[in-house]
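S.K.: My questions will all concern the structure given below.
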There are 4 protein chains.
Amino acid sequence: MKNVAIIGASGFAGAEVMRLCAGHPEFEVVFASGDSQAGTAVGDLYPSLAAAYPNMTLEPWESVPSGLDIVFVALPHGASQTIIPKLDASHIIDLGADFRLDDPALYPTWYGHAHTAPEMLDDFVFGMPELFRASIVGAGAVAVPGCYVTTATLTLAPLLKAGLMEATGLIVDAASGVSGAGRAAKPATSFSTVDENFTAYGLLTHRHTPEMQMALSRHTGAEVELLFTPHLAPMNRGVLATCYARPTGEETTEQLLEAMADAYQDEPFIVVSESIPSTKATLGSNSVHLTVRRDDRTGWIVAIGALDNLVKGAAGQAIQCANLATGIDEPAGLAVAGVYP
Amino acid sequence: MKNVAIIGASGFAGAEVMRLCAGHPEFEVVFASGDSQAGTAVGDLYPSLAAAYPNMTLEPWESVPSGLDIVFVALPHGASQTIIPKLDASHIIDLGADFRLDDPALYPTWYGHAHTAPEMLDDFVFGMPELFRASIVGAGAVAVPGCYVTTATLTLAPLLKAGLMEATGLIVDAASGVSGAGRAAKPATSFSTVDENFTAYGLLTHRHTPEMQMALSRHTGAEVELLFTPHLAPMNRGVLATCYARPTGEETTEQLLEAMADAYQDEPFIVVSESIPSTKATLGSNSVHLTVRRDDRTGWIVAIGALDNLVKGAAGQAIQCANLATGIDEPAGLAVAGVYP
Amino acid sequence: MKNVAIIGASGFAGAEVMRLCAGHPEFEVVFASGDSQAGTAVGDLYPSLAAAYPNMTLEPWESVPSGLDIVFVALPHGASQTIIPKLDASHIIDLGADFRLDDPALYPTWYGHAHTAPEMLDDFVFGMPELFRASIVGAGAVAVPGCYVTTATLTLAPLLKAGLMEATGLIVDAASGVSGAGRAAKPATSFSTVDENFTAYGLLTHRHTPEMQMALSRHTGAEVELLFTPHLAPMNRGVLATCYARPTGEETTEQLLEAMADAYQDEPFIVVSESIPSTKATLGSNSVHLTVRRDDRTGWIVAIGALDNLVKGAAGQAIQCANLATGIDEPAGLAVAGVYP
Amino acid sequence: MKNVAIIGASGFAGAEVMRLCAGHPEFEVVFASGDSQAGTAVGDLYPSLAAAYPNMTLEPWESVPSGLDIVFVALPHGASQTIIPKLDASHIIDLGADFRLDDPALYPTWYGHAHTAPEMLDDFVFGMPELFRASIVGAGAVAVPGCYVTTATLTLAPLLKAGLMEATGLIVDAASGVSGAGRAAKPATSFSTVDENFTAYGLLTHRHTPEMQMALSRHTGAEVELLFTPHLAPMNRGVLATCYARPTGEETTEQLLEAMADAYQDEPFIVVSESIPSTKATLGSNSVHLTVRRDDRTGWIVAIGALDNLVKGAAGQAIQCANLATGIDEPAGLAVAGVYP
């Protein structure tokens with residue numbers, strides 16, 4: 001068994017790591033922090049975890065033991081870069097955005113302030129196993145990408161890599177469930193605001209745009225440029241990205257589907273199909289569902305991907321990376337079947 | 001046209017008065033306050049009202065003009081009793097709880113503190129037209145009951161009044177949509193907390209219990225005692241109350257339905273039917289749907305009522321009372337048809 | 001008062017016409033048909049209408065009286081073209097697709113079969129008042145466009161008309177609530193399928209694509225070509241369209257917003273704002289909310305519109321057209337304020 | 001590994017058995033039937049299962065192999081009694097109602113027709129491990145109770161057994177998510193009917209009433225009589241039962257909570273707490289959350305329980321029984337942590 005700590009367990013992503021560790025054959029949670037909730041029993045803050053962690057209390061992060069096998073960090077942007085330099089563990093798996101971008105110059109542009117630990121950016125590998133597995137195996141520090149980036153990148157990567165779509169002029173039009181906005185109570189995420197509502201937000205400037213561009217550029221070697229428009233859908237979980245690109249050649253829908261399926265043929269969590277993905281089919285699982293179409297009438301390729309934002313888009317992918325980093329069977333502790341309906 | 005002010009227009013009940021006034025043939029809103037939002041355009045706080053009130057801004061309540069025809073007050077409990085004594089208007093329609101109970105001694109018990117204007121309690125009539133219409137006609141001050149009280153009281157009143165059910169040992173088991181909890185952002189009403197969730201709250205001690213008992217006792221002449229258990233359902237609007245009582249005689253389901261229908265035969269907003277009420281059938285309207293059953297096996301009567309908590313359970317009933325108070329046609333400006341689906 | 005019949009009142013659009021007529025100062029429903037439900041009381045099929053139509057029963061359409069002022073027809077595609085030729089009324093307002101397209105050749109391509117009454121296509125005017133008002137005034141036959149077409153067309157029309165965007169390569173990425181799929185019980189619209197789900201459907205070939213192209217081409221004089229991708233969101237009502245276009249010049253976001261606002265400055269139901277539209281702000285009303293942005297980084301214009309699919313996207317627009325056709329005040333019987341929350 | 005067949009895998013309960021078996025360390029699904037869907041790939045009917053069962057197709061039930069370790073039967077009421085007599089397996093776990101009641105005379109009364117295999121009723125043990133564990137260990141045939149029965153029975157059992165509540169006059173007022181109604185498309189379970197709606201159904205006569213009475217009577221030795229009122233809440237999963245009973249003595253809330261906690265102190269899936277249960281805390285897990293209160297004012301005890309209707313209320317409890325029947329660790333393959341939010 002690997003000893004595991006979770007810093008930021010009071011947030012949704014951290015609590016989801018708790019849930020997944022409760023069913024993981026090799027991970028044992030020995031410490032959980034939640035600073036604003038320090039002193040609260042895990043089961044009081046999350047009754048869903050009461051049966052799994054009957055005797056665990058959230059502590060301040062500074063109490064984390066040294067020398068653990070794995071520390072998962074699930075903090076708001078900006079917090080990781082101050083805390084992680086002080087951690088001592090064999091493997092650090094960061095679910096935040098602080099160590100995802102390789103170019104420190106991007107932080108002021110997209111996040112509004114300079115990075116405070118730019119010298120550590122190189123220590124982190126990008127935690128998307130399907131595209132960058134080799135670098136994650138045995139890694140000491142992994143920056144796990146979030147839900148929108150994982151969805152859009154896995155949807156677009158194979159066809160861009162194969163040179164079947166143009167790398168610029170791309171549109172990523174996506175919708176997310178509300179849990180992506182975190183646990184803090186805000187008017188924008190109140191039930192009365194969100195229920196029976198569909199809206200767009202973050203027009204033109206959503207922070208995860210440069211991550212998508214970086215991951216796709218790194219994977220394909222091209223200079224990828226895209227416009228990302230997120231929407232909020234009245235549901236707890238799930239991200240679906242509908243992506244538009246211009247084809248470079250004459251490949252048909254069938255050929256595009258085949259290229260996509262080939263790229264992911266050995267991946268346990270990726271399903272490529274002619275069926276249109278839906279977020280609900282992936283709920284609670286680490287699976288990603290993908291499809292693609294070519295429209296000869298208007299000359300667009302439409303590629304669609306769906307996943308659970310808290311699993312494959314956060315905690316599940318973090319577990320997957322931790323498995324790779326520590327030499328455990330990659331899918332251990334992760335469901336491939338969704339909770340349906 | 002009557003000149004209307006709305007104090008507390010930033011809350012859901014106040015905003016619903018704004019919506020209903022926008023379609024009312026005789027009411028014109030000339031002032032709206034929302035203290036924590038003073039200075040905000042109505043349409044910025046409630047885009048749903050942007051087209052109806054393109055040029056209106058929320059002001060501090062102290063700016064309310066004197067001598068208006070009607071002032072609607074939609075404030076949290078405790079605020080009305082300090083503000084209403086300072087108002088000068090022909091008709092004051094209070095949507096809060098401050099002037100509903102006739103016995104000031106009930107406030108410390110159920111609300112936790114003494115009433116600060118007990119001498120005004122007698123100035124207010126209880127704004128439930130179907131049971132107390134005569135007192136509302138022409139009234140200068142009306143205390144409009146809320147959603148749970150209106151639902152349970154209208155459901156139980158006719159059979160209690162006719163002596164067909166025992167007045168004690170009653171159970172009111174009810175569920176409400178989330179808008180009943182108000183606009184303020186709280187963890188308990190976040191989308192992530194409420195969506196896909198059903199739970200009980202306020203066990204044994206919900207504040208609206210004494211109002212139900214008072215209204216039913218006053219209407220029937222009996223000393224009514226009941227246990228009220230509210231639940232939260234994952235929806236915006238609607239209250240459904242399932243009430244249990246012991247029969248006093250041998251009346252069948254058919255006879256109970258007939259007694260209920262007779263009591264409400266001239267009411268434009270009340271539908272008595274063998275069909276089981278559902279909250280959705282009343283959404284956006286001022287209608288109340290009722291039914292009743294007798295179970296010979298266990299010796300219980302089950303009576304069920306449903307309505308829209310923000311219309312008949314708040315703003316609609318307030319408009320209905322204002323119509324009666326000012327001599328306008330009682331149903332003016334109120335929909336009887338629900339927005340469905 | 002105008003005498004009104006509704007053919008197809010058992011469907012959601014027809015029932016919504018019933019709801020709106022119940023609150024309309026000049027329209028009185030004297031007949032309602034619902035063939036598969038003939039003999040059923042309106043209030044049994046739609047309890048939401050029980051209080052408004054306590055004594056009305058659905059009849060077979062053949063029983064519709066002759067010589068009425070207005071007949072609203074709300075039938076599935078294909079049914080209108082067989083029934084409407086047999087109707088006799090001063091004004092026929094068709095909510096279906098049968099008489100919207102002016103070119104009969106489009107029906108086999110997009111609907112799969114030839115039109116059976118092509119000679120009547122010229123009798124109908126296109127019922128979108130904001131773009132084609134003059135032709136609707138006094139019209140004897142109006143074909144009212146549906147929710148997606150109304151949303152996308154009103155969103156794109158002003159900037160295309162002003163020559164600020166390219167007319168081809170357009171993308172309309174839209175999401176709809178479930179009521180747009182009609183009342184019939186299907187696995188695809190079961191609660192268990194839709195709740196907590198977001199998915200795309202009708203990729204590349206949705207039937208309403210040619211209507212959008214026709215309406216925009218007719219209004220602007222350009223040959224408009226667009227790709228339309230509909231999605232299903234877990235909510236009852238609402239359509240939001242996020243549209244992507246290439247700018248023709250250098251106009252900024254502010255200039256684009258101004259052009260859009262100017263085009264609609266006298267429209268009672270259209271709100272142009274820098275705020276991002278949300279479907280919920282329009283629920284139950286006939287309002288349309290619009291905004292636009294220009295992204296200099298990627299060279300895209302993003303224009304967004306939202307409305308209630310059953311009101312402005314169906315029954316409300318039909319009432320608006322009927323008002324124009326019969327010489328009544330255009331907004332009569334239509335709410336501008338949304339039911340919120 | 002145990003070889004497992006699932007008959008009725010096209011329904012929600014059967015599909016949930018499929019999901020849980022995909023993560024079970026000892027169960028391997030070798031056969032799945034779904035008669036109306038025979039020939040359909042599992043992943044086409046349930047995309048949520050596509051990654052777990054990429055190559056499995058639903059077959060007619062008659063093709064089920066003989067001599068398997070376990071056959072789960074998840075069929076509509078009435079079907080099990082004709083099919084199960086023809087099955088040959090070491091352990092039959094029936095999720096339907098056909099073999100739950102021990103008195104064949106109850107079937108005509110509550111189900112409307114006589115049982116066709118009454119001689120087999122004695123072969124089945126009642127699959128509620130917390131109350132009847134000893135009889136399930138090693139059993140060859142288990143009839144697993146459903147969601148309402150499990151919730152109400154586990155909520156009421158300890159206090160009735162301890163003699164702290166009267167056994168008659170009980171009220172079980174419960175709400176369920178929609179998945180309890182099954183996968184078939186019906187108007188009553190369409191999204192447009194259910195969303196934003198709360199309603200009661202099955203007044204006085206719900207079929208599961210006699211099961212609750214039987215289980216509680218058998219466990220406590222008293223003759224239990226109760227009235228059961230189910231409601232439908234707009235959510236996928238979850239059952240919450242609010243139960244009312246008269247106390248026999250003077251026990252306080254604290255003493256009642258302690259009695260309840262004592263009764264379940266060694267149960268891995270049961271959480272007794274002063275916190276009010278909510279369905280969402282149990283979603284996807286096999287856990288049950290319980291609480292109780294005594295109201296001195298009105299003389300009622302209120303006891304509340306919540307669980308996931310498809311897990312502890314169906315497939316999870318079936319797995320738990322199969323584990324006991326086959327000698328596997330009882331909680332194997334079952335989550336105690338809920339999927340939240």
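Letters A, B, ... go to the chains of the structure tokens in the order shown; residues in each chain start at 1; ligands are counted from 1 in the same order.
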When you look at Trp300 (chain B) with a cut-off of 9 Å (counting only C-alpha atoms), what residues show up, excluding the ones that are within fewer than 6 positions of it in the same chain? I need them as a VMD selection string.

M.R.: (chain B and resid 244 to 247 293 to 294) or (chain D and resid 169 227)

S.K.: Next, write the just-selected residues to a file, as a JSON list (two decimals), in the first residue's frame, keeping N, CA and C atoms as the atom set.

M.R.:
```json
[["chain", "number", "residue", "atom", "x", "y", "z"],
["B", 244, "TYR", "N", -51.63, 14.27, 6.57],
["B", 244, "TYR", "CA", -52.26, 13.08, 7.14],
["B", 244, "TYR", "C", -53.10, 13.48, 8.34],
["B", 245, "ALA", "N", -54.32, 12.94, 8.39],
["B", 245, "ALA", "CA", -55.23, 13.25, 9.49],
["B", 245, "ALA", "C", -56.10, 12.04, 9.77],
["B", 246, "ARG", "N", -56.65, 12.00, 10.98],
["B", 246, "ARG", "CA", -57.59, 10.94, 11.35],
["B", 246, "ARG", "C", -59.01, 11.40, 11.06],
["B", 247, "PRO", "N", -59.81, 10.57, 10.40],
["B", 247, "PRO", "CA", -61.20, 10.95, 10.16],
["B", 247, "PRO", "C", -62.01, 10.91, 11.46],
["B", 293, "ARG", "N", -57.86, 11.59, -0.13],
["B", 293, "ARG", "CA", -58.21, 10.17, -0.14],
["B", 293, "ARG", "C", -58.47, 9.71, 1.30],
["B", 294, "ARG", "N", -59.29, 8.69, 1.44],
["B", 294, "ARG", "CA", -59.44, 8.03, 2.73],
["B", 294, "ARG", "C", -58.97, 6.58, 2.59],
["D", 169, "GLY", "N", -50.42, 2.27, 12.84],
["D", 169, "GLY", "CA", -50.58, 3.71, 12.65],
["D", 169, "GLY", "C", -49.36, 4.36, 12.05],
["D", 227, "LEU", "N", -49.11, 2.92, 6.43],
["D", 227, "LEU", "CA", -49.58, 3.58, 5.21],
["D", 227, "LEU", "C", -48.36, 4.13, 4.48]]
```

S.K.: Could you tell me which residues of chain D sit within 10 Å of chain A when counting only C-alpha atoms, and give me the result as a compact mmCIF listing (two decimals) with N, CA, C and O atoms, in the first residue's frame?

M.R.:
```txt
# COMPACT_ATOMS: atom_id res chain seq x y z
N PHE D 12 -32.81 -0.99 -16.07
CA PHE D 12 -31.86 -0.22 -15.27
C PHE D 12 -31.22 -1.05 -14.16
O PHE D 12 -30.02 -0.92 -13.89
N ALA D 15 -28.75 -3.46 -15.77
CA ALA D 15 -27.56 -2.74 -16.24
C ALA D 15 -26.68 -2.31 -15.07
O ALA D 15 -25.46 -2.25 -15.19
N GLU D 16 -27.32 -2.01 -13.94
CA GLU D 16 -26.53 -1.63 -12.77
C GLU D 16 -25.77 -2.85 -12.22
O GLU D 16 -24.64 -2.70 -11.73
N MET D 18 -24.59 -5.09 -14.15
CA MET D 18 -23.47 -5.11 -15.10
C MET D 18 -22.36 -4.14 -14.66
O MET D 18 -21.18 -4.47 -14.67
N ARG D 19 -22.77 -2.93 -14.32
CA ARG D 19 -21.78 -1.92 -13.90
C ARG D 19 -21.00 -2.39 -12.68
O ARG D 19 -19.78 -2.30 -12.62
N LEU D 20 -21.72 -2.91 -11.69
CA LEU D 20 -21.05 -3.31 -10.46
C LEU D 20 -20.16 -4.53 -10.68
O LEU D 20 -19.07 -4.63 -10.12
N CYS D 21 -20.61 -5.45 -11.52
CA CYS D 21 -19.77 -6.62 -11.81
C CYS D 21 -18.49 -6.20 -12.53
O CYS D 21 -17.44 -6.84 -12.36
N ALA D 22 -18.56 -5.13 -13.33
CA ALA D 22 -17.35 -4.67 -14.04
C ALA D 22 -16.24 -4.28 -13.07
O ALA D 22 -15.06 -4.33 -13.39
N GLY D 23 -16.63 -3.87 -11.85
CA GLY D 23 -15.63 -3.48 -10.86
C GLY D 23 -15.50 -4.48 -9.73
O GLY D 23 -14.84 -4.20 -8.73
N GLY D 43 -22.89 -2.06 -25.36
CA GLY D 43 -22.40 -0.70 -25.43
C GLY D 43 -23.24 0.21 -26.31
O GLY D 43 -23.16 1.44 -26.21
N ASP D 44 -24.06 -0.36 -27.18
CA ASP D 44 -24.96 0.48 -27.98
C ASP D 44 -26.18 0.84 -27.15
O ASP D 44 -26.68 1.97 -27.23
N TYR D 46 -26.32 0.74 -23.75
CA TYR D 46 -25.78 1.52 -22.62
C TYR D 46 -24.36 1.97 -22.94
O TYR D 46 -23.41 1.26 -22.62
N PRO D 47 -24.20 3.14 -23.56
CA PRO D 47 -22.84 3.62 -23.84
C PRO D 47 -21.99 3.69 -22.57
O PRO D 47 -20.76 3.61 -22.64
N SER D 48 -22.63 3.82 -21.43
CA SER D 48 -21.88 3.85 -20.17
C SER D 48 -21.14 2.54 -19.92
O SER D 48 -20.20 2.49 -19.13
N LEU D 49 -21.59 1.46 -20.57
CA LEU D 49 -20.94 0.15 -20.39
C LEU D 49 -20.03 -0.20 -21.56
O LEU D 49 -19.44 -1.29 -21.58
N ALA D 50 -19.91 0.70 -22.52
CA ALA D 50 -19.16 0.38 -23.74
C ALA D 50 -17.71 0.03 -23.45
O ALA D 50 -17.15 -0.93 -24.01
N ALA D 51 -17.07 0.78 -22.57
CA ALA D 51 -15.65 0.52 -22.30
C ALA D 51 -15.47 -0.75 -21.47
O ALA D 51 -14.42 -1.40 -21.55
N ALA D 52 -16.47 -1.11 -20.69
CA ALA D 52 -16.34 -2.29 -19.82
C ALA D 52 -16.69 -3.59 -20.54
O ALA D 52 -16.14 -4.65 -20.21
N TYR D 53 -17.61 -3.51 -21.45
CA TYR D 53 -18.06 -4.71 -22.17
C TYR D 53 -18.01 -4.46 -23.67
O TYR D 53 -19.04 -4.44 -24.34
N PRO D 54 -16.80 -4.28 -24.22
CA PRO D 54 -16.72 -3.87 -25.63
C PRO D 54 -17.25 -4.91 -26.61
O PRO D 54 -17.65 -4.56 -27.71
N VAL D 178 -36.36 9.10 -10.57
CA VAL D 178 -37.18 8.55 -11.65
C VAL D 178 -36.70 7.19 -12.13
O VAL D 178 -37.46 6.41 -12.70
N SER D 179 -35.44 6.86 -11.91
CA SER D 179 -34.94 5.59 -12.42
C SER D 179 -35.69 4.41 -11.82
O SER D 179 -35.73 3.33 -12.42
N ARG D 183 -36.78 1.70 -17.47
CA ARG D 183 -36.23 2.30 -18.67
C ARG D 183 -37.28 2.60 -19.75
O ARG D 183 -37.05 3.42 -20.64
N ASP D 195 -39.32 16.89 -14.97
CA ASP D 195 -38.38 17.95 -14.59
C ASP D 195 -39.14 19.13 -13.99
O ASP D 195 -40.19 19.53 -14.47
N GLU D 196 -38.59 19.69 -12.92
CA GLU D 196 -39.23 20.80 -12.20
C GLU D 196 -40.60 20.41 -11.68
O GLU D 196 -41.51 21.23 -11.61
N MET D 235 -35.18 13.79 -10.16
CA MET D 235 -33.77 13.40 -10.09
C MET D 235 -33.68 11.96 -10.57
O MET D 235 -34.67 11.24 -10.64
N ASN D 236 -32.48 11.54 -10.94
CA ASN D 236 -32.28 10.20 -11.48
C ASN D 236 -32.42 9.13 -10.42
O ASN D 236 -33.12 8.14 -10.62
N ARG D 237 -31.70 9.28 -9.35
CA ARG D 237 -31.55 8.23 -8.35
C ARG D 237 -31.87 8.76 -6.97
O ARG D 237 -31.81 9.95 -6.71
N GLU D 267 -22.41 -2.75 10.90
CA GLU D 267 -22.79 -2.78 9.48
C GLU D 267 -21.91 -1.84 8.67
O GLU D 267 -21.88 -0.64 8.92
N PRO D 268 -21.23 -2.34 7.63
CA PRO D 268 -20.32 -1.48 6.86
C PRO D 268 -21.03 -0.43 6.02
O PRO D 268 -20.43 0.58 5.66
N PHE D 269 -22.31 -0.68 5.70
CA PHE D 269 -22.98 0.23 4.76
C PHE D 269 -23.96 1.18 5.44
O PHE D 269 -24.63 1.96 4.76
N ILE D 270 -24.09 1.11 6.75
CA ILE D 270 -25.11 1.92 7.41
C ILE D 270 -24.47 2.99 8.28
O ILE D 270 -23.61 2.69 9.12
N VAL D 271 -24.91 4.22 8.06
CA VAL D 271 -24.43 5.36 8.82
C VAL D 271 -25.60 5.94 9.61
O VAL D 271 -26.58 6.40 9.01
N VAL D 272 -25.52 5.89 10.93
CA VAL D 272 -26.53 6.52 11.78
C VAL D 272 -25.92 7.79 12.34
O VAL D 272 -24.80 7.77 12.86
N SER D 273 -26.67 8.88 12.24
CA SER D 273 -26.10 10.17 12.63
C SER D 273 -27.21 11.13 13.01
O SER D 273 -28.36 10.93 12.64
N SER D 275 -27.14 14.00 11.78
CA SER D 275 -27.33 14.72 10.52
C SER D 275 -28.53 14.17 9.76
O SER D 275 -28.80 12.98 9.78
N ILE D 276 -29.21 15.05 9.08
CA ILE D 276 -30.37 14.63 8.30
C ILE D 276 -29.89 13.98 7.01
O ILE D 276 -29.10 14.58 6.28
N PRO D 277 -30.35 12.77 6.72
CA PRO D 277 -29.91 12.10 5.49
C PRO D 277 -30.33 12.86 4.23
O PRO D 277 -31.35 13.54 4.22
N SER D 278 -29.54 12.71 3.20
CA SER D 278 -29.91 13.24 1.88
C SER D 278 -29.57 12.17 0.86
O SER D 278 -28.59 11.45 1.00
N THR D 279 -30.39 12.08 -0.16
CA THR D 279 -30.17 11.01 -1.13
C THR D 279 -28.82 11.13 -1.81
O THR D 279 -28.17 10.14 -2.11
N LYS D 280 -28.40 12.37 -2.06
CA LYS D 280 -27.21 12.59 -2.86
C LYS D 280 -25.95 12.03 -2.20
O LYS D 280 -24.99 11.68 -2.89
N ALA D 281 -25.93 12.00 -0.88
CA ALA D 281 -24.74 11.50 -0.19
C ALA D 281 -24.53 10.01 -0.44
O ALA D 281 -23.44 9.50 -0.19
N THR D 282 -25.54 9.33 -0.91
CA THR D 282 -25.44 7.87 -1.11
C THR D 282 -25.31 7.50 -2.58
O THR D 282 -25.15 6.32 -2.89
N LEU D 283 -25.34 8.45 -3.47
CA LEU D 283 -25.42 8.16 -4.90
C LEU D 283 -24.26 7.28 -5.39
O LEU D 283 -23.10 7.59 -5.17
N GLY D 284 -24.62 6.21 -6.05
CA GLY D 284 -23.61 5.32 -6.61
C GLY D 284 -23.04 4.35 -5.61
O GLY D 284 -22.28 3.44 -5.98
N SER D 285 -23.37 4.51 -4.33
CA SER D 285 -22.82 3.65 -3.28
C SER D 285 -23.89 2.71 -2.74
O SER D 285 -25.07 2.86 -3.02
N ASN D 286 -23.44 1.78 -1.92
CA ASN D 286 -24.37 0.85 -1.28
C ASN D 286 -24.75 1.31 0.14
O ASN D 286 -25.32 0.55 0.91
N SER D 287 -24.45 2.56 0.45
CA SER D 287 -24.66 3.04 1.82
C SER D 287 -26.10 3.46 2.09
O SER D 287 -26.85 3.82 1.17
N VAL D 288 -26.45 3.42 3.37
CA VAL D 288 -27.75 3.86 3.85
C VAL D 288 -27.49 4.86 4.98
O VAL D 288 -26.70 4.59 5.87
N HIS D 289 -28.15 6.02 4.91
CA HIS D 289 -27.99 7.04 5.96
C HIS D 289 -29.29 7.17 6.73
O HIS D 289 -30.37 7.26 6.13
N LEU D 310 -30.90 2.31 -7.05
CA LEU D 310 -30.38 1.28 -7.96
C LEU D 310 -29.22 0.50 -7.36
O LEU D 310 -28.85 -0.54 -7.87
N GLY D 333 -16.70 -5.42 -4.13
CA GLY D 333 -17.26 -4.84 -5.34
C GLY D 333 -18.27 -3.74 -5.11
O GLY D 333 -18.87 -3.24 -6.07
N LEU D 334 -18.46 -3.34 -3.87
CA LEU D 334 -19.47 -2.32 -3.55
C LEU D 334 -18.80 -1.09 -2.96
O LEU D 334 -18.00 -1.20 -2.04
N ALA D 335 -19.17 0.08 -3.47
CA ALA D 335 -18.61 1.32 -2.94
C ALA D 335 -19.34 1.72 -1.67
O ALA D 335 -20.55 1.55 -1.55
N VAL D 336 -18.59 2.21 -0.70
CA VAL D 336 -19.23 2.85 0.45
C VAL D 336 -19.27 4.36 0.29
O VAL D 336 -20.07 5.04 0.94
N ALA D 337 -18.40 4.90 -0.57
CA ALA D 337 -18.36 6.35 -0.78
C ALA D 337 -19.27 6.73 -1.95
O ALA D 337 -19.24 6.09 -3.00
N GLY D 338 -20.06 7.77 -1.76
CA GLY D 338 -20.96 8.23 -2.81
C GLY D 338 -20.27 9.10 -3.83
O GLY D 338 -19.25 9.74 -3.54
N VAL D 339 -20.83 9.12 -5.04
CA VAL D 339 -20.33 10.00 -6.10
C VAL D 339 -20.92 11.39 -5.85
O VAL D 339 -22.13 11.59 -6.01
N TYR D 340 -20.09 12.34 -5.44
CA TYR D 340 -20.59 13.64 -5.03
C TYR D 340 -19.69 14.75 -5.52
O TYR D 340 -18.48 14.62 -5.36
N PRO D 341 -20.17 15.85 -6.03
CA PRO D 341 -21.60 16.13 -6.25
C PRO D 341 -22.04 15.53 -7.58
O PRO D 341 -21.24 15.07 -8.34
```

S.K.: Select from region 3-232 of chain D everything DSSP, run on the backbone, classes as strand (DSSP E or B), then give the selection as a ChimeraX atom specification.

M.R.: /D:3-7,27-33,41,57,59,68-73,89-94,125-126,141-143,165,170-176,190,199-200,226-232

S.K.: Residues at most 8 Å from Ala325 (chain C), counting only C-alpha atoms, excluding those fewer than 4 positions away in the same chain, as number ranges by chain?

M.R.: C: 91, 136-140, 321

S.K.: Those residues with N, CA, C and O atoms, as a PDB file, in the first residue's frame please?

M.R.:
```pdb
ATOM      1  N   HIS C  91     -57.680  34.066 -40.821  1.00  0.00           N
ATOM      2  CA  HIS C  91     -56.221  34.068 -40.668  1.00  0.00           C
ATOM      3  C   HIS C  91     -55.773  32.691 -40.205  1.00  0.00           C
ATOM      4  O   HIS C  91     -56.284  32.182 -39.207  1.00  0.00           O
ATOM      5  N   ILE C 136     -46.361  40.700 -42.742  1.00  0.00           N
ATOM      6  CA  ILE C 136     -47.241  39.955 -41.825  1.00  0.00           C
ATOM      7  C   ILE C 136     -48.506  40.758 -41.499  1.00  0.00           C
ATOM      8  O   ILE C 136     -49.554  40.177 -41.220  1.00  0.00           O
ATOM      9  N   VAL C 137     -48.403  42.071 -41.530  1.00  0.00           N
ATOM     10  CA  VAL C 137     -49.561  42.913 -41.208  1.00  0.00           C
ATOM     11  C   VAL C 137     -50.719  42.565 -42.147  1.00  0.00           C
ATOM     12  O   VAL C 137     -50.589  42.654 -43.370  1.00  0.00           O
ATOM     13  N   GLY C 138     -51.808  42.126 -41.548  1.00  0.00           N
ATOM     14  CA  GLY C 138     -52.986  41.799 -42.329  1.00  0.00           C
ATOM     15  C   GLY C 138     -52.939  40.498 -43.099  1.00  0.00           C
ATOM     16  O   GLY C 138     -53.882  40.159 -43.821  1.00  0.00           O
ATOM     17  N   ALA C 139     -51.857  39.739 -42.947  1.00  0.00           N
ATOM     18  CA  ALA C 139     -51.688  38.525 -43.743  1.00  0.00           C
ATOM     19  C   ALA C 139     -52.770  37.490 -43.440  1.00  0.00           C
ATOM     20  O   ALA C 139     -53.213  37.345 -42.308  1.00  0.00           O
ATOM     21  N   GLY C 140     -53.158  36.739 -44.470  1.00  0.00           N
ATOM     22  CA  GLY C 140     -54.141  35.678 -44.283  1.00  0.00           C
ATOM     23  C   GLY C 140     -53.526  34.370 -43.874  1.00  0.00           C
ATOM     24  O   GLY C 140     -54.200  33.509 -43.293  1.00  0.00           O
ATOM     25  N   CYS C 321     -47.575  37.238 -34.431  1.00  0.00           N
ATOM     26  CA  CYS C 321     -47.982  37.293 -35.843  1.00  0.00           C
ATOM     27  C   CYS C 321     -49.500  37.446 -35.974  1.00  0.00           C
ATOM     28  O   CYS C 321     -49.986  38.189 -36.840  1.00  0.00           O
TER      29      CYS C 321
END
```
